[in-house]
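Below is one structure, written out as structure tokens; the observations come after it.
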Amino acid sequence: MDAQALDASFVAEEEDALSQMIDRYGQPLLRYCHHILCDYHEAQDAVQITFYKAYTHRARFQPGTNLSAWLYRLAYTTCVDLLRRRKRQLFAPPPAPAENTDYIGPELRQALLTLSAEERALIFGRVMEERSYEELAQMLGKSAATLRKRYERARGKLARALTK
């Protein structure tokens with residue numbers, strides 16, 4: 001099923017639309033959340049929450065808009081919520097990442113953690129998914145020009161963190 005047919009079946013609230021959305025967008029959203037959260041297991045939780053939100057709030061989806069951008073927007077806000085929850089847990093250290101399930105090396109992880117969640121989402125969207133600034137603007141709710149400048153700054157910040 002192509003993207004337009006999936007959008008239409010999602011709007012029509014067909015039952016198989018959710019499973020088709022998961023098949024099409026599950027892995028890309030997992031990679032996206034993983035790069036924002038820097039934790040594979042938390043990223044899995046974020047993707048599940050994202051699909052739950054999409055299914056329960058599908059009446060809010062406006063036909064004619066990009067389903068992919070809407071899902072990425074939901075995933076981004078879910079990741080930010082999880083990061084805020086992580087910050088509030090002052091006395092509980094974050095769980096140690098499991099071996100071999102994390103595709104980010106320790107040096108890159110430390111460098112990525114110096115960036116904000118929005119900066120990590122922007123870096124991942126531009127570098128790994130090769131998205132245009134216009135697509136990222138739809139996903140993050142900012143103008144393309146703003147994101148272009150923030151990307152340049154985040155890239156410099158990441159480069160400085162990697163050279164240390």
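Naming works like this for the structure tokens: A, B, ... for the chains as they're shown, residue 1 at the start of each chain, ligands 1 onward in shown order.
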
Could you produce a table of the residues of segment 62-147 of chain A lying within 10 Å of segment 2-19 of chain A, with the nearest pair of atoms per residue and their separation in Å rounded to one decimal, using only C-alpha atoms, ordered by chain and increasing residue number, as a tab-separated table?
```
residue	atom	partner	partner_atom	distance
A:Gln62	CA	A:Val11	CA	8.0
A:Pro63	CA	A:Val11	CA	6.7
A:Gly64	CA	A:Asp7	CA	8.2
A:Thr65	CA	A:Asp7	CA	8.7
A:Asn66	CA	A:Asp7	CA	8.0
A:Leu67	CA	A:Asp7	CA	6.2
A:Ser68	CA	A:Ala3	CA	8.7
```

With all heavy atoms kept, could you save the residues just selected as a PDB file, in the first residue's frame?
```pdb
ATOM      1  N   GLN A  62      -5.308  15.504  10.169  1.00  0.00           N
ATOM      2  CA  GLN A  62      -6.021  16.236   9.131  1.00  0.00           C
ATOM      3  C   GLN A  62      -5.694  15.639   7.771  1.00  0.00           C
ATOM      4  O   GLN A  62      -4.523  15.584   7.388  1.00  0.00           O
ATOM      5  CB  GLN A  62      -5.638  17.715   9.159  1.00  0.00           C
ATOM      6  CG  GLN A  62      -6.009  18.388  10.457  1.00  0.00           C
ATOM      7  CD  GLN A  62      -5.485  19.802  10.535  1.00  0.00           C
ATOM      8  OE1 GLN A  62      -4.797  20.272   9.649  1.00  0.00           O
ATOM      9  NE2 GLN A  62      -5.831  20.480  11.608  1.00  0.00           N
ATOM     10  N   PRO A  63      -6.718  15.191   7.049  1.00  0.00           N
ATOM     11  CA  PRO A  63      -6.465  14.633   5.715  1.00  0.00           C
ATOM     12  C   PRO A  63      -5.761  15.664   4.830  1.00  0.00           C
ATOM     13  O   PRO A  63      -6.015  16.859   4.913  1.00  0.00           O
ATOM     14  CB  PRO A  63      -7.869  14.325   5.184  1.00  0.00           C
ATOM     15  CG  PRO A  63      -8.735  14.248   6.395  1.00  0.00           C
ATOM     16  CD  PRO A  63      -8.128  15.170   7.404  1.00  0.00           C
ATOM     17  N   GLY A  64      -4.870  15.176   4.025  1.00  0.00           N
ATOM     18  CA  GLY A  64      -4.101  16.060   3.151  1.00  0.00           C
ATOM     19  C   GLY A  64      -2.756  16.436   3.725  1.00  0.00           C
ATOM     20  O   GLY A  64      -1.892  16.936   3.016  1.00  0.00           O
ATOM     21  N   THR A  65      -2.552  16.203   5.017  1.00  0.00           N
ATOM     22  CA  THR A  65      -1.243  16.456   5.609  1.00  0.00           C
ATOM     23  C   THR A  65      -0.409  15.186   5.500  1.00  0.00           C
ATOM     24  O   THR A  65      -0.917  14.109   5.217  1.00  0.00           O
ATOM     25  CB  THR A  65      -1.354  16.891   7.087  1.00  0.00           C
ATOM     26  OG1 THR A  65      -2.003  15.850   7.828  1.00  0.00           O
ATOM     27  CG2 THR A  65      -2.128  18.174   7.228  1.00  0.00           C
ATOM     28  N   ASN A  66       0.854  15.305   5.773  1.00  0.00           N
ATOM     29  CA  ASN A  66       1.786  14.196   5.637  1.00  0.00           C
ATOM     30  C   ASN A  66       1.733  13.319   6.890  1.00  0.00           C
ATOM     31  O   ASN A  66       2.065  13.767   7.984  1.00  0.00           O
ATOM     32  CB  ASN A  66       3.185  14.776   5.418  1.00  0.00           C
ATOM     33  CG  ASN A  66       4.194  13.736   5.067  1.00  0.00           C
ATOM     34  OD1 ASN A  66       3.991  12.542   5.256  1.00  0.00           O
ATOM     35  ND2 ASN A  66       5.314  14.190   4.550  1.00  0.00           N
ATOM     36  N   LEU A  67       1.324  12.064   6.727  1.00  0.00           N
ATOM     37  CA  LEU A  67       1.227  11.135   7.853  1.00  0.00           C
ATOM     38  C   LEU A  67       2.596  10.891   8.477  1.00  0.00           C
ATOM     39  O   LEU A  67       2.727  10.838   9.702  1.00  0.00           O
ATOM     40  CB  LEU A  67       0.604   9.810   7.408  1.00  0.00           C
ATOM     41  CG  LEU A  67       0.450   8.734   8.481  1.00  0.00           C
ATOM     42  CD1 LEU A  67      -0.470   9.210   9.590  1.00  0.00           C
ATOM     43  CD2 LEU A  67      -0.074   7.453   7.873  1.00  0.00           C
ATOM     44  N   SER A  68       3.612  10.792   7.647  1.00  0.00           N
ATOM     45  CA  SER A  68       4.965  10.575   8.147  1.00  0.00           C
ATOM     46  C   SER A  68       5.408  11.726   9.058  1.00  0.00           C
ATOM     47  O   SER A  68       5.928  11.502  10.152  1.00  0.00           O
ATOM     48  CB  SER A  68       5.929  10.429   6.975  1.00  0.00           C
ATOM     49  OG  SER A  68       7.247  10.394   7.431  1.00  0.00           O
TER      50      SER A  68
END
```

Write out as a Markdown table a residue-level contact list of segment 34-83 of chain A versus segment 21-28 of chain A with cut-off 9 Å: for each qualifying residue the closest pair of atoms and the distance in Å to one decimal, counting only C-alpha atoms, rows sorted by chain and residue number upward.
```
| residue | atom | partner | partner_atom | distance |
| --- | --- | --- | --- | --- |
| A:Val47 | CA | A:Gly26 | CA | 7.2 |
| A:Gln48 | CA | A:Gly26 | CA | 8.9 |
| A:Phe51 | CA | A:Ile22 | CA | 7.5 |
| A:Ser68 | CA | A:Tyr25 | CA | 7.6 |
| A:Leu71 | CA | A:Tyr25 | CA | 8.3 |
```

Write the residues you've just listed into a file as a PDB file, in the first residue's frame, and include N, CA and C atoms for each of them.
```pdb
ATOM      1  N   VAL A  47       8.450   4.500  20.712  1.00  0.00           N
ATOM      2  CA  VAL A  47       7.768   4.147  19.458  1.00  0.00           C
ATOM      3  C   VAL A  47       6.402   3.530  19.761  1.00  0.00           C
ATOM      4  N   GLN A  48       6.344   2.677  20.765  1.00  0.00           N
ATOM      5  CA  GLN A  48       5.053   2.096  21.140  1.00  0.00           C
ATOM      6  C   GLN A  48       4.081   3.171  21.600  1.00  0.00           C
ATOM      7  N   PHE A  51       2.803   5.142  18.511  1.00  0.00           N
ATOM      8  CA  PHE A  51       1.744   4.471  17.751  1.00  0.00           C
ATOM      9  C   PHE A  51       0.437   4.430  18.543  1.00  0.00           C
ATOM     10  N   SER A  68       3.612  10.792   7.647  1.00  0.00           N
ATOM     11  CA  SER A  68       4.965  10.575   8.147  1.00  0.00           C
ATOM     12  C   SER A  68       5.408  11.726   9.058  1.00  0.00           C
ATOM     13  N   LEU A  71       3.577  11.542  12.371  1.00  0.00           N
ATOM     14  CA  LEU A  71       4.119  10.506  13.250  1.00  0.00           C
ATOM     15  C   LEU A  71       5.457  10.918  13.852  1.00  0.00           C
TER      16      LEU A  71
END
```

Distance criterion (only C-alpha atoms): nearest to Cys79 of chain A out of A:Glu134, A:Ala121, A:Ala145, A:Leu37:
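Smallest separation from Cys79 of chain A among the options: A:Leu37.
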
So that each row is one residue of segment 34-77 of chain A with an atom at most 12 Å from segment 100-120 of chain A, can you give its shortest atom pair and the distance in Å to one decimal, using only C-alpha atoms, rows by chain and rising number, as a Markdown table?
```
| residue | atom | partner | partner_atom | distance |
| --- | --- | --- | --- | --- |
| A:His34 | CA | A:Asp102 | CA | 8.6 |
| A:His35 | CA | A:Arg120 | CA | 6.6 |
| A:Ile36 | CA | A:Arg120 | CA | 5.3 |
| A:Leu37 | CA | A:Ala117 | CA | 7.4 |
| A:Cys38 | CA | A:Arg109 | CA | 6.6 |
| A:Asp39 | CA | A:Asp102 | CA | 7.2 |
| A:Tyr40 | CA | A:Asp102 | CA | 5.8 |
| A:His41 | CA | A:Thr101 | CA | 8.6 |
| A:Glu42 | CA | A:Asp102 | CA | 11.2 |
| A:Ala43 | CA | A:Asp102 | CA | 10.5 |
| A:Gln44 | CA | A:Thr101 | CA | 11.3 |
| A:Arg73 | CA | A:Glu118 | CA | 11.3 |
| A:Ala75 | CA | A:Ala117 | CA | 11.7 |
| A:Tyr76 | CA | A:Glu118 | CA | 8.2 |
| A:Thr77 | CA | A:Glu118 | CA | 9.9 |
```

Thr50 of chain A: which residues within 7 Å, counting only C-alpha atoms, same-chain residues fewer than 3 positions away excluded, as a count of residues only?
7

One-decimal distance in Å that lies between atom CA of Leu122 of chain A and atom CA of Gly141 of chain A:
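These atoms are spaced 11.9 Å apart.
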
Here is a test: counting only C-alpha atoms, which residue of A:Ile123, A:Cys33, A:Ala59, A:Leu162 is nearest to Val80 of chain A?
A:Cys33
